[in-house]
$ cat query.txt   # compact mmCIF, N, CA and C atoms
# COMPACT_ATOMS: atom_id res chain seq x y z
N MET A 14 -35.69 -47.28 23.24
CA MET A 14 -34.38 -46.97 23.81
C MET A 14 -33.36 -46.74 22.69
N SER A 15 -32.44 -45.89 22.92
CA SER A 15 -31.39 -45.59 21.96
C SER A 15 -30.40 -46.74 21.86
N CYS A 16 -29.97 -47.01 20.64
CA CYS A 16 -29.02 -48.10 20.40
C CYS A 16 -27.69 -47.86 21.12
N LEU A 17 -27.30 -46.60 21.33
CA LEU A 17 -26.06 -46.34 22.05
C LEU A 17 -26.16 -46.86 23.48
N PHE A 18 -27.23 -46.54 24.17
CA PHE A 18 -27.38 -46.97 25.56
C PHE A 18 -27.56 -48.48 25.65
N ASN A 19 -28.23 -49.07 24.67
CA ASN A 19 -28.34 -50.54 24.62
C ASN A 19 -26.96 -51.16 24.43
N SER A 20 -26.14 -50.58 23.58
CA SER A 20 -24.79 -51.09 23.35
C SER A 20 -23.94 -50.98 24.60
N LEU A 21 -24.02 -49.84 25.30
CA LEU A 21 -23.25 -49.67 26.53
C LEU A 21 -23.70 -50.65 27.60
N SER A 22 -24.99 -50.96 27.64
CA SER A 22 -25.50 -51.88 28.67
C SER A 22 -24.96 -53.29 28.49
N PHE A 23 -24.51 -53.63 27.29
CA PHE A 23 -23.89 -54.93 27.06
C PHE A 23 -22.61 -55.08 27.88
N PHE A 24 -21.91 -53.96 28.10
CA PHE A 24 -20.61 -53.98 28.79
C PHE A 24 -20.66 -53.51 30.24
N LEU A 25 -21.63 -52.69 30.57
CA LEU A 25 -21.71 -52.10 31.91
C LEU A 25 -22.76 -52.84 32.72
N ASP A 26 -22.64 -52.80 34.02
CA ASP A 26 -23.51 -53.58 34.90
C ASP A 26 -24.83 -52.89 35.21
N ASP A 27 -25.51 -52.37 34.18
CA ASP A 27 -26.81 -51.75 34.36
C ASP A 27 -27.59 -51.83 33.07
N ASN A 28 -28.90 -51.62 33.18
CA ASN A 28 -29.71 -51.63 31.96
C ASN A 28 -29.59 -50.27 31.27
N SER A 29 -30.05 -50.22 30.03
CA SER A 29 -29.87 -49.02 29.22
C SER A 29 -30.57 -47.79 29.80
N HIS A 30 -31.71 -47.97 30.44
CA HIS A 30 -32.41 -46.84 31.04
C HIS A 30 -31.59 -46.23 32.19
N VAL A 31 -31.05 -47.06 33.05
CA VAL A 31 -30.23 -46.58 34.17
C VAL A 31 -28.96 -45.90 33.66
N ILE A 32 -28.35 -46.49 32.65
CA ILE A 32 -27.15 -45.89 32.07
C ILE A 32 -27.46 -44.51 31.51
N ARG A 33 -28.56 -44.39 30.76
CA ARG A 33 -28.98 -43.10 30.22
C ARG A 33 -29.18 -42.07 31.33
N GLN A 34 -29.88 -42.45 32.39
CA GLN A 34 -30.16 -41.51 33.48
C GLN A 34 -28.88 -41.12 34.22
N ASN A 35 -27.97 -42.08 34.42
CA ASN A 35 -26.68 -41.75 35.07
C ASN A 35 -25.89 -40.75 34.24
N ILE A 36 -25.88 -40.94 32.93
CA ILE A 36 -25.18 -40.02 32.05
C ILE A 36 -25.84 -38.64 32.09
N CYS A 37 -27.16 -38.61 32.06
CA CYS A 37 -27.87 -37.32 32.12
C CYS A 37 -27.63 -36.62 33.46
N ASP A 38 -27.62 -37.38 34.55
CA ASP A 38 -27.31 -36.79 35.86
C ASP A 38 -25.90 -36.20 35.86
N TYR A 39 -24.97 -36.93 35.28
CA TYR A 39 -23.58 -36.48 35.19
C TYR A 39 -23.51 -35.15 34.44
N LEU A 40 -24.18 -35.08 33.30
CA LEU A 40 -24.17 -33.86 32.49
C LEU A 40 -24.89 -32.71 33.20
N GLU A 41 -26.00 -33.03 33.83
CA GLU A 41 -26.78 -32.01 34.53
C GLU A 41 -25.99 -31.39 35.69
N ASN A 42 -25.13 -32.19 36.31
CA ASN A 42 -24.32 -31.72 37.44
C ASN A 42 -23.03 -31.05 36.99
N ASN A 43 -22.91 -30.80 35.67
CA ASN A 43 -21.78 -30.08 35.09
C ASN A 43 -20.43 -30.73 35.42
N LYS A 44 -20.42 -32.05 35.43
CA LYS A 44 -19.17 -32.78 35.62
C LYS A 44 -18.31 -32.63 34.37
N PRO A 45 -17.02 -32.84 34.46
CA PRO A 45 -16.16 -32.66 33.28
C PRO A 45 -16.45 -33.70 32.19
N VAL A 46 -16.59 -33.21 30.99
CA VAL A 46 -16.74 -34.11 29.84
C VAL A 46 -15.46 -34.05 29.01
N ILE A 47 -15.04 -32.83 28.72
CA ILE A 47 -13.82 -32.61 27.95
C ILE A 47 -12.88 -31.78 28.80
N ASP A 48 -11.64 -32.21 28.90
CA ASP A 48 -10.66 -31.50 29.72
C ASP A 48 -10.49 -30.07 29.21
N GLY A 49 -10.64 -29.12 30.11
CA GLY A 49 -10.43 -27.72 29.77
C GLY A 49 -11.65 -26.99 29.25
N LEU A 50 -12.80 -27.67 29.16
CA LEU A 50 -14.02 -27.04 28.69
C LEU A 50 -15.17 -27.50 29.55
N SER A 51 -15.87 -26.56 30.17
CA SER A 51 -16.94 -26.94 31.09
C SER A 51 -18.09 -27.59 30.33
N THR A 52 -18.75 -28.53 30.99
CA THR A 52 -19.82 -29.30 30.37
C THR A 52 -20.97 -28.40 29.94
N ASP A 53 -21.32 -27.42 30.74
CA ASP A 53 -22.43 -26.56 30.35
C ASP A 53 -22.13 -25.82 29.05
N LYS A 54 -20.87 -25.47 28.83
CA LYS A 54 -20.48 -24.81 27.56
C LYS A 54 -20.60 -25.78 26.39
N VAL A 55 -20.20 -27.03 26.59
CA VAL A 55 -20.31 -28.04 25.54
C VAL A 55 -21.78 -28.24 25.17
N LEU A 56 -22.64 -28.35 26.16
CA LEU A 56 -24.06 -28.58 25.90
C LEU A 56 -24.72 -27.40 25.20
N LEU A 57 -24.28 -26.19 25.51
CA LEU A 57 -24.84 -25.02 24.86
C LEU A 57 -24.51 -24.98 23.37
N MET A 58 -23.46 -25.68 22.97
CA MET A 58 -23.08 -25.74 21.55
C MET A 58 -24.01 -26.66 20.75
N SER A 59 -24.77 -27.50 21.44
CA SER A 59 -25.65 -28.43 20.75
C SER A 59 -26.90 -27.72 20.26
N GLU A 60 -27.64 -28.37 19.41
CA GLU A 60 -28.85 -27.77 18.86
C GLU A 60 -29.95 -27.58 19.91
N HIS A 61 -29.88 -28.33 21.02
CA HIS A 61 -30.91 -28.23 22.05
C HIS A 61 -30.54 -27.26 23.17
N GLY A 62 -29.32 -26.77 23.19
CA GLY A 62 -28.89 -25.76 24.16
C GLY A 62 -29.22 -26.11 25.59
N ASN A 63 -29.91 -25.20 26.27
CA ASN A 63 -30.24 -25.37 27.69
C ASN A 63 -31.14 -26.57 27.96
N ASN A 64 -31.85 -27.05 26.96
CA ASN A 64 -32.76 -28.18 27.13
C ASN A 64 -32.11 -29.52 26.81
N TYR A 65 -30.80 -29.52 26.59
CA TYR A 65 -30.12 -30.72 26.13
C TYR A 65 -30.37 -31.93 27.04
N VAL A 66 -30.14 -31.78 28.33
CA VAL A 66 -30.26 -32.92 29.25
C VAL A 66 -31.71 -33.39 29.31
N ASN A 67 -32.66 -32.47 29.35
CA ASN A 67 -34.07 -32.88 29.37
C ASN A 67 -34.43 -33.68 28.13
N LYS A 68 -33.96 -33.25 26.97
CA LYS A 68 -34.21 -34.00 25.73
C LYS A 68 -33.55 -35.37 25.79
N MET A 69 -32.32 -35.42 26.32
CA MET A 69 -31.58 -36.68 26.37
C MET A 69 -32.21 -37.68 27.33
N ARG A 70 -32.93 -37.24 28.32
CA ARG A 70 -33.59 -38.16 29.24
C ARG A 70 -34.72 -38.94 28.56
N SER A 71 -35.22 -38.45 27.45
CA SER A 71 -36.28 -39.13 26.71
C SER A 71 -35.71 -40.35 25.99
N THR A 72 -36.40 -41.47 26.10
CA THR A 72 -35.91 -42.70 25.46
C THR A 72 -35.95 -42.63 23.94
N SER A 73 -36.60 -41.63 23.40
CA SER A 73 -36.64 -41.50 21.94
C SER A 73 -35.50 -40.65 21.39
N THR A 74 -34.67 -40.10 22.28
CA THR A 74 -33.54 -39.27 21.85
C THR A 74 -32.29 -40.12 21.69
N TRP A 75 -31.64 -39.98 20.57
CA TRP A 75 -30.42 -40.74 20.30
C TRP A 75 -29.24 -40.14 21.05
N GLY A 76 -28.37 -41.00 21.55
CA GLY A 76 -27.14 -40.55 22.19
C GLY A 76 -26.02 -40.45 21.17
N GLY A 77 -24.97 -39.73 21.55
CA GLY A 77 -23.84 -39.54 20.64
C GLY A 77 -22.54 -39.33 21.39
N ALA A 78 -21.67 -38.53 20.81
CA ALA A 78 -20.32 -38.35 21.32
C ALA A 78 -20.28 -37.81 22.75
N ILE A 79 -21.14 -36.87 23.08
CA ILE A 79 -21.13 -36.30 24.43
C ILE A 79 -21.46 -37.38 25.45
N GLU A 80 -22.44 -38.23 25.14
CA GLU A 80 -22.84 -39.29 26.05
C GLU A 80 -21.76 -40.37 26.14
N ILE A 81 -21.09 -40.64 25.03
CA ILE A 81 -20.00 -41.62 25.05
C ILE A 81 -18.88 -41.12 25.95
N GLN A 82 -18.52 -39.84 25.80
CA GLN A 82 -17.46 -39.28 26.64
C GLN A 82 -17.86 -39.28 28.10
N ALA A 83 -19.10 -38.93 28.40
CA ALA A 83 -19.57 -38.95 29.79
C ALA A 83 -19.49 -40.37 30.35
N ALA A 84 -19.87 -41.37 29.56
CA ALA A 84 -19.80 -42.77 30.01
C ALA A 84 -18.36 -43.15 30.34
N CYS A 85 -17.41 -42.71 29.53
CA CYS A 85 -15.99 -42.97 29.82
C CYS A 85 -15.62 -42.43 31.19
N ASN A 86 -16.07 -41.21 31.47
CA ASN A 86 -15.73 -40.55 32.72
C ASN A 86 -16.41 -41.18 33.92
N ILE A 87 -17.65 -41.61 33.75
CA ILE A 87 -18.40 -42.21 34.86
C ILE A 87 -17.85 -43.58 35.23
N TRP A 88 -17.65 -44.43 34.22
CA TRP A 88 -17.27 -45.83 34.47
C TRP A 88 -15.79 -46.10 34.27
N ASN A 89 -14.99 -45.05 34.04
CA ASN A 89 -13.54 -45.19 33.84
C ASN A 89 -13.19 -46.26 32.81
N VAL A 90 -13.79 -46.12 31.64
CA VAL A 90 -13.53 -47.05 30.54
C VAL A 90 -13.11 -46.26 29.30
N ASN A 91 -12.33 -46.91 28.47
CA ASN A 91 -12.06 -46.40 27.13
C ASN A 91 -13.15 -46.97 26.24
N ILE A 92 -13.68 -46.16 25.37
CA ILE A 92 -14.68 -46.63 24.42
C ILE A 92 -14.16 -46.36 23.02
N HIS A 93 -14.03 -47.43 22.24
CA HIS A 93 -13.61 -47.30 20.86
C HIS A 93 -14.86 -47.42 19.98
N VAL A 94 -15.07 -46.42 19.16
CA VAL A 94 -16.20 -46.42 18.23
C VAL A 94 -15.63 -46.68 16.84
N ILE A 95 -16.03 -47.80 16.27
CA ILE A 95 -15.53 -48.21 14.96
C ILE A 95 -16.56 -47.79 13.91
N ASN A 96 -16.15 -46.90 13.04
CA ASN A 96 -17.02 -46.40 11.98
C ASN A 96 -17.03 -47.41 10.84
N ILE A 97 -18.12 -48.18 10.74
CA ILE A 97 -18.20 -49.20 9.69
C ILE A 97 -18.86 -48.65 8.42
N ARG A 98 -19.25 -47.39 8.46
CA ARG A 98 -19.85 -46.74 7.29
C ARG A 98 -18.78 -46.40 6.27
N ASP A 99 -17.64 -45.93 6.73
CA ASP A 99 -16.56 -45.53 5.84
C ASP A 99 -15.47 -46.59 5.83
N ASN A 100 -15.04 -46.98 4.66
CA ASN A 100 -13.96 -47.97 4.54
C ASN A 100 -12.62 -47.24 4.46
N THR A 101 -12.13 -46.83 5.63
CA THR A 101 -10.85 -46.15 5.68
C THR A 101 -9.94 -46.87 6.67
N ASP A 102 -8.65 -46.59 6.58
CA ASP A 102 -7.71 -47.20 7.50
C ASP A 102 -7.85 -46.64 8.92
N ASN A 103 -8.25 -45.40 9.02
CA ASN A 103 -8.37 -44.75 10.32
C ASN A 103 -9.86 -44.59 10.66
N ASN A 104 -10.51 -45.71 10.98
CA ASN A 104 -11.95 -45.69 11.17
C ASN A 104 -12.39 -45.84 12.62
N THR A 105 -11.46 -45.70 13.57
CA THR A 105 -11.81 -45.85 14.98
C THR A 105 -11.58 -44.54 15.73
N ILE A 106 -12.61 -44.12 16.45
CA ILE A 106 -12.50 -42.96 17.32
C ILE A 106 -12.36 -43.47 18.74
N GLU A 107 -11.32 -43.03 19.42
CA GLU A 107 -11.07 -43.48 20.79
C GLU A 107 -11.50 -42.40 21.78
N PHE A 108 -12.39 -42.78 22.68
CA PHE A 108 -12.84 -41.90 23.76
C PHE A 108 -12.19 -42.41 25.04
N ASN A 109 -11.59 -41.50 25.80
CA ASN A 109 -10.90 -41.86 27.03
C ASN A 109 -11.38 -40.98 28.18
N PRO A 110 -11.43 -41.52 29.40
CA PRO A 110 -11.87 -40.69 30.53
C PRO A 110 -10.88 -39.56 30.79
N VAL A 111 -11.39 -38.43 31.27
CA VAL A 111 -10.52 -37.29 31.53
C VAL A 111 -9.51 -37.58 32.63
N CYS A 112 -9.81 -38.53 33.51
CA CYS A 112 -8.88 -38.86 34.59
C CYS A 112 -7.73 -39.75 34.11
N ASN A 113 -7.81 -40.27 32.89
CA ASN A 113 -6.81 -41.15 32.30
C ASN A 113 -6.60 -42.45 33.06
N LYS A 114 -7.53 -42.82 33.93
CA LYS A 114 -7.47 -44.11 34.63
C LYS A 114 -8.62 -44.96 34.09
N THR A 115 -8.28 -46.14 33.60
CA THR A 115 -9.32 -46.97 33.01
C THR A 115 -9.35 -48.37 33.60
N ASN A 116 -10.55 -48.93 33.62
CA ASN A 116 -10.75 -50.31 34.07
C ASN A 116 -10.71 -51.28 32.90
N LYS A 117 -11.18 -50.83 31.75
CA LYS A 117 -11.23 -51.70 30.57
C LYS A 117 -11.51 -50.86 29.34
N THR A 118 -11.41 -51.50 28.19
CA THR A 118 -11.73 -50.89 26.91
C THR A 118 -12.89 -51.66 26.30
N ILE A 119 -13.88 -50.91 25.83
CA ILE A 119 -15.00 -51.54 25.15
C ILE A 119 -15.09 -50.98 23.74
N SER A 120 -15.66 -51.76 22.84
CA SER A 120 -15.76 -51.34 21.45
C SER A 120 -17.20 -51.46 20.98
N ILE A 121 -17.61 -50.44 20.24
CA ILE A 121 -18.93 -50.46 19.61
C ILE A 121 -18.76 -50.03 18.16
N THR A 122 -19.66 -50.48 17.31
CA THR A 122 -19.63 -50.04 15.92
C THR A 122 -20.67 -48.96 15.70
N TRP A 123 -20.45 -48.16 14.67
CA TRP A 123 -21.39 -47.12 14.27
C TRP A 123 -21.46 -47.12 12.75
N ASN A 124 -22.68 -47.17 12.20
CA ASN A 124 -22.81 -47.20 10.74
C ASN A 124 -23.33 -45.89 10.17
N GLY A 125 -23.27 -44.84 10.97
CA GLY A 125 -23.76 -43.55 10.53
C GLY A 125 -25.11 -43.20 11.15
N GLY A 126 -25.78 -44.20 11.71
CA GLY A 126 -27.07 -43.97 12.33
C GLY A 126 -27.44 -45.00 13.37
N HIS A 127 -26.53 -45.96 13.62
CA HIS A 127 -26.84 -47.03 14.57
C HIS A 127 -25.57 -47.55 15.22
N TYR A 128 -25.64 -47.78 16.54
CA TYR A 128 -24.54 -48.36 17.30
C TYR A 128 -24.86 -49.82 17.64
N GLU A 129 -23.82 -50.63 17.66
CA GLU A 129 -23.91 -52.02 18.09
C GLU A 129 -22.68 -52.36 18.91
N PRO A 130 -22.82 -53.19 19.98
CA PRO A 130 -21.64 -53.61 20.73
C PRO A 130 -20.82 -54.60 19.91
N VAL A 131 -19.51 -54.54 20.05
CA VAL A 131 -18.64 -55.56 19.46
C VAL A 131 -18.51 -56.64 20.49
N LYS A 132 -19.12 -57.77 20.21
CA LYS A 132 -19.19 -58.87 21.18
C LYS A 132 -18.01 -59.81 21.05

$ encode --input "query.txt" --output "C-alpha cells"
Amino acid sequence: MSCLFNSLSFFLDDNSHVIRQNICDYLENNKPVIDGLSTDKVLLMSEHGNNYVNKMRSTSTWGGAIEIQAACNIWNVNIHVINIRDNTDNNTIEFNPVCNKTNKTISITWNGGHYEPVK
C-alpha cells in the first residue's frame, strides 16, 4: 500500500485500500479536482494519461498531489503537507477542498519520497 493512503487512513474513517478506491472512483467520474480545470484534463497531463486511474488503483502505485486534492474534496478536509526534505521557512503546502467547506485540517509530512501522518 502507498504511504499516502496509509497516512490518510490515520485521519479518515476507512482503511487505506477503501480510501484509494474512493479517490480513484472520484477521479474516474471526472469530479472537480482543481477549480476551473476538468479532472480529465488534469489526468491527461500526467505521465500515465488515459490509464492514470487504472494505474492508481494498483496498490504498488504511489499517490501524490492529485490524490491529496481529491481527498480534500471527498472528505471536506484541509490537508497540510509539510515538506521535511527542505529546511525552508515556507515548507507547507496547503490543499483545500474546492467547495471551501471543511470539517477539519489534517497534516502529513513528506520527505521527498514518503508520507507520514502528523500524530

$ closest_residue --input "query.txt" --among "A:Asn91, A:Ser20, A:Gln34, A:Gln82" --to "Val46 of chain A" --atoms "all atoms listed in the file"
A:Gln82

$ atom_distance --input "query.txt" --atom1 "atom C of Lys114 of chain A" --atom2 "atom C of Asn89 of chain A"
4.9 Å

$ select_by_dssp --input "query.txt" --residues "chain A" --states "strand (DSSP E or B)" --output "ChimeraX atom specification"
/A:47,50,90-96,105-108,117-123,128-130

$ write_last_selection --input "query.txt" --atoms "N, CA and C atoms" --output "PDB file, in the frame of the given file"
ATOM      1  N   ILE A  47     -15.040 -32.830  28.720  1.00  0.00           N
ATOM      2  CA  ILE A  47     -13.820 -32.610  27.950  1.00  0.00           C
ATOM      3  C   ILE A  47     -12.880 -31.780  28.800  1.00  0.00           C
ATOM      4  N   LEU A  50     -12.800 -27.670  29.160  1.00  0.00           N
ATOM      5  CA  LEU A  50     -14.020 -27.040  28.690  1.00  0.00           C
ATOM      6  C   LEU A  50     -15.170 -27.500  29.550  1.00  0.00           C
ATOM      7  N   VAL A  90     -13.790 -46.120  31.640  1.00  0.00           N
ATOM      8  CA  VAL A  90     -13.530 -47.050  30.540  1.00  0.00           C
ATOM      9  C   VAL A  90     -13.110 -46.260  29.300  1.00  0.00           C
ATOM     10  N   ASN A  91     -12.330 -46.910  28.470  1.00  0.00           N
ATOM     11  CA  ASN A  91     -12.060 -46.400  27.130  1.00  0.00           C
ATOM     12  C   ASN A  91     -13.150 -46.970  26.240  1.00  0.00           C
ATOM     13  N   ILE A  92     -13.680 -46.160  25.370  1.00  0.00           N
ATOM     14  CA  ILE A  92     -14.680 -46.630  24.420  1.00  0.00           C
ATOM     15  C   ILE A  92     -14.160 -46.360  23.020  1.00  0.00           C
ATOM     16  N   HIS A  93     -14.030 -47.430  22.240  1.00  0.00           N
ATOM     17  CA  HIS A  93     -13.610 -47.300  20.860  1.00  0.00           C
ATOM     18  C   HIS A  93     -14.860 -47.420  19.980  1.00  0.00           C
ATOM     19  N   VAL A  94     -15.070 -46.420  19.160  1.00  0.00           N
ATOM     20  CA  VAL A  94     -16.200 -46.420  18.230  1.00  0.00           C
ATOM     21  C   VAL A  94     -15.630 -46.680  16.840  1.00  0.00           C
ATOM     22  N   ILE A  95     -16.030 -47.800  16.270  1.00  0.00           N
ATOM     23  CA  ILE A  95     -15.530 -48.210  14.960  1.00  0.00           C
ATOM     24  C   ILE A  95     -16.560 -47.790  13.910  1.00  0.00           C
ATOM     25  N   ASN A  96     -16.150 -46.900  13.040  1.00  0.00           N
ATOM     26  CA  ASN A  96     -17.020 -46.400  11.980  1.00  0.00           C
ATOM     27  C   ASN A  96     -17.030 -47.410  10.840  1.00  0.00           C
ATOM     28  N   THR A 105     -11.460 -45.700  13.570  1.00  0.00           N
ATOM     29  CA  THR A 105     -11.810 -45.850  14.980  1.00  0.00           C
ATOM     30  C   THR A 105     -11.580 -44.540  15.730  1.00  0.00           C
ATOM     31  N   ILE A 106     -12.610 -44.120  16.450  1.00  0.00           N
ATOM     32  CA  ILE A 106     -12.500 -42.960  17.320  1.00  0.00           C
ATOM     33  C   ILE A 106     -12.360 -43.470  18.740  1.00  0.00           C
ATOM     34  N   GLU A 107     -11.320 -43.030  19.420  1.00  0.00           N
ATOM     35  CA  GLU A 107     -11.070 -43.480  20.790  1.00  0.00           C
ATOM     36  C   GLU A 107     -11.500 -42.400  21.780  1.00  0.00           C
ATOM     37  N   PHE A 108     -12.390 -42.780  22.680  1.00  0.00           N
ATOM     38  CA  PHE A 108     -12.840 -41.900  23.760  1.00  0.00           C
ATOM     39  C   PHE A 108     -12.190 -42.410  25.040  1.00  0.00           C
ATOM     40  N   LYS A 117     -11.180 -50.830  31.750  1.00  0.00           N
ATOM     41  CA  LYS A 117     -11.230 -51.700  30.570  1.00  0.00           C
ATOM     42  C   LYS A 117     -11.510 -50.860  29.340  1.00  0.00           C
ATOM     43  N   THR A 118     -11.410 -51.500  28.190  1.00  0.00           N
ATOM     44  CA  THR A 118     -11.730 -50.890  26.910  1.00  0.00           C
ATOM     45  C   THR A 118     -12.890 -51.660  26.300  1.00  0.00           C
ATOM     46  N   ILE A 119     -13.880 -50.910  25.830  1.00  0.00           N
ATOM     47  CA  ILE A 119     -15.000 -51.540  25.150  1.00  0.00           C
ATOM     48  C   ILE A 119     -15.090 -50.980  23.740  1.00  0.00           C
ATOM     49  N   SER A 120     -15.660 -51.760  22.840  1.00  0.00           N
ATOM     50  CA  SER A 120     -15.760 -51.340  21.450  1.00  0.00           C
ATOM     51  C   SER A 120     -17.200 -51.460  20.980  1.00  0.00           C
ATOM     52  N   ILE A 121     -17.610 -50.440  20.240  1.00  0.00           N
ATOM     53  CA  ILE A 121     -18.930 -50.460  19.610  1.00  0.00           C
ATOM     54  C   ILE A 121     -18.760 -50.030  18.160  1.00  0.00           C
ATOM     55  N   THR A 122     -19.660 -50.480  17.310  1.00  0.00           N
ATOM     56  CA  THR A 122     -19.630 -50.040  15.920  1.00  0.00           C
ATOM     57  C   THR A 122     -20.670 -48.960  15.700  1.00  0.00           C
ATOM     58  N   TRP A 123     -20.450 -48.160  14.670  1.00  0.00           N
ATOM     59  CA  TRP A 123     -21.390 -47.120  14.270  1.00  0.00           C
ATOM     60  C   TRP A 123     -21.460 -47.120  12.750  1.00  0.00           C
ATOM     61  N   TYR A 128     -25.640 -47.780  16.540  1.00  0.00           N
ATOM     62  CA  TYR A 128     -24.540 -48.360  17.300  1.00  0.00           C
ATOM     63  C   TYR A 128     -24.860 -49.820  17.640  1.00  0.00           C
ATOM     64  N   GLU A 129     -23.820 -50.630  17.660  1.00  0.00           N
ATOM     65  CA  GLU A 129     -23.910 -52.020  18.090  1.00  0.00           C
ATOM     66  C   GLU A 129     -22.680 -52.360  18.910  1.00  0.00           C
ATOM     67  N   PRO A 130     -22.820 -53.190  19.980  1.00  0.00           N
ATOM     68  CA  PRO A 130     -21.640 -53.610  20.730  1.00  0.00           C
ATOM     69  C   PRO A 130     -20.820 -54.600  19.910  1.00  0.00           C
TER      70      PRO A 130
END

$ residues_around --input "query.txt" --residues "Ile95 of chain A" --least-positions-apart "6" --cutoff "6 Å" --atoms "only N, CA and C atoms" --output "ChimeraX atom specification"
/A:104-106,121-123

$ closest_residue --input "query.txt" --among "A:Phe18, A:Ile79, A:Gly125, A:Val66" --to "Arg98 of chain A" --atoms "all atoms listed in the file"
A:Gly125

$ select_by_dssp --input "query.txt" --residues "chain A" --states "alpha helix (DSSP H)" --output "MDAnalysis selection string"
chainID A and resid 16:24 29:41 52:57 65:69 78:88

$ closest_residue --input "query.txt" --among "A:Met58, A:Val90, A:Leu25, A:Cys16" --to "Pro110 of chain A" --atoms "all atoms listed in the file"
A:Val90

$ closest_residue --input "query.txt" --among "A:Ser59, A:Ser73, A:Asn100, A:Ser22" --to "Pro130 of chain A" --atoms "only C-alpha atoms"
A:Ser22

$ atom_distance --input "query.txt" --atom1 "atom CA of Ile92 of chain A" --atom2 "atom CA of Arg33 of chain A"
15.8 Å

$ atom_distance --input "query.txt" --atom1 "atom C of Trp75 of chain A" --atom2 "atom N of Asn28 of chain A"
16.7 Å

$ axis_aligned_box --input "query.txt" --around "segment 26-36 of chain A" --padding-each-side "5 Å" --output "JSON"
{"center_x": -27.5, "center_y": -46.1, "center_z": 32.2, "size_x": 19.8, "size_y": 24.9, "size_z": 16.0}

$ closest_residue --input "query.txt" --among "A:Asn35, A:Leu56, A:Cys85, A:Asn19" --to "Thr115 of chain A" --atoms "all atoms listed in the file"
A:Cys85

$ closest_residue --input "query.txt" --among "A:Thr52, A:Ile97, A:Val131, A:Asp27" --to "Leu40 of chain A" --atoms "all atoms listed in the file"
A:Thr52
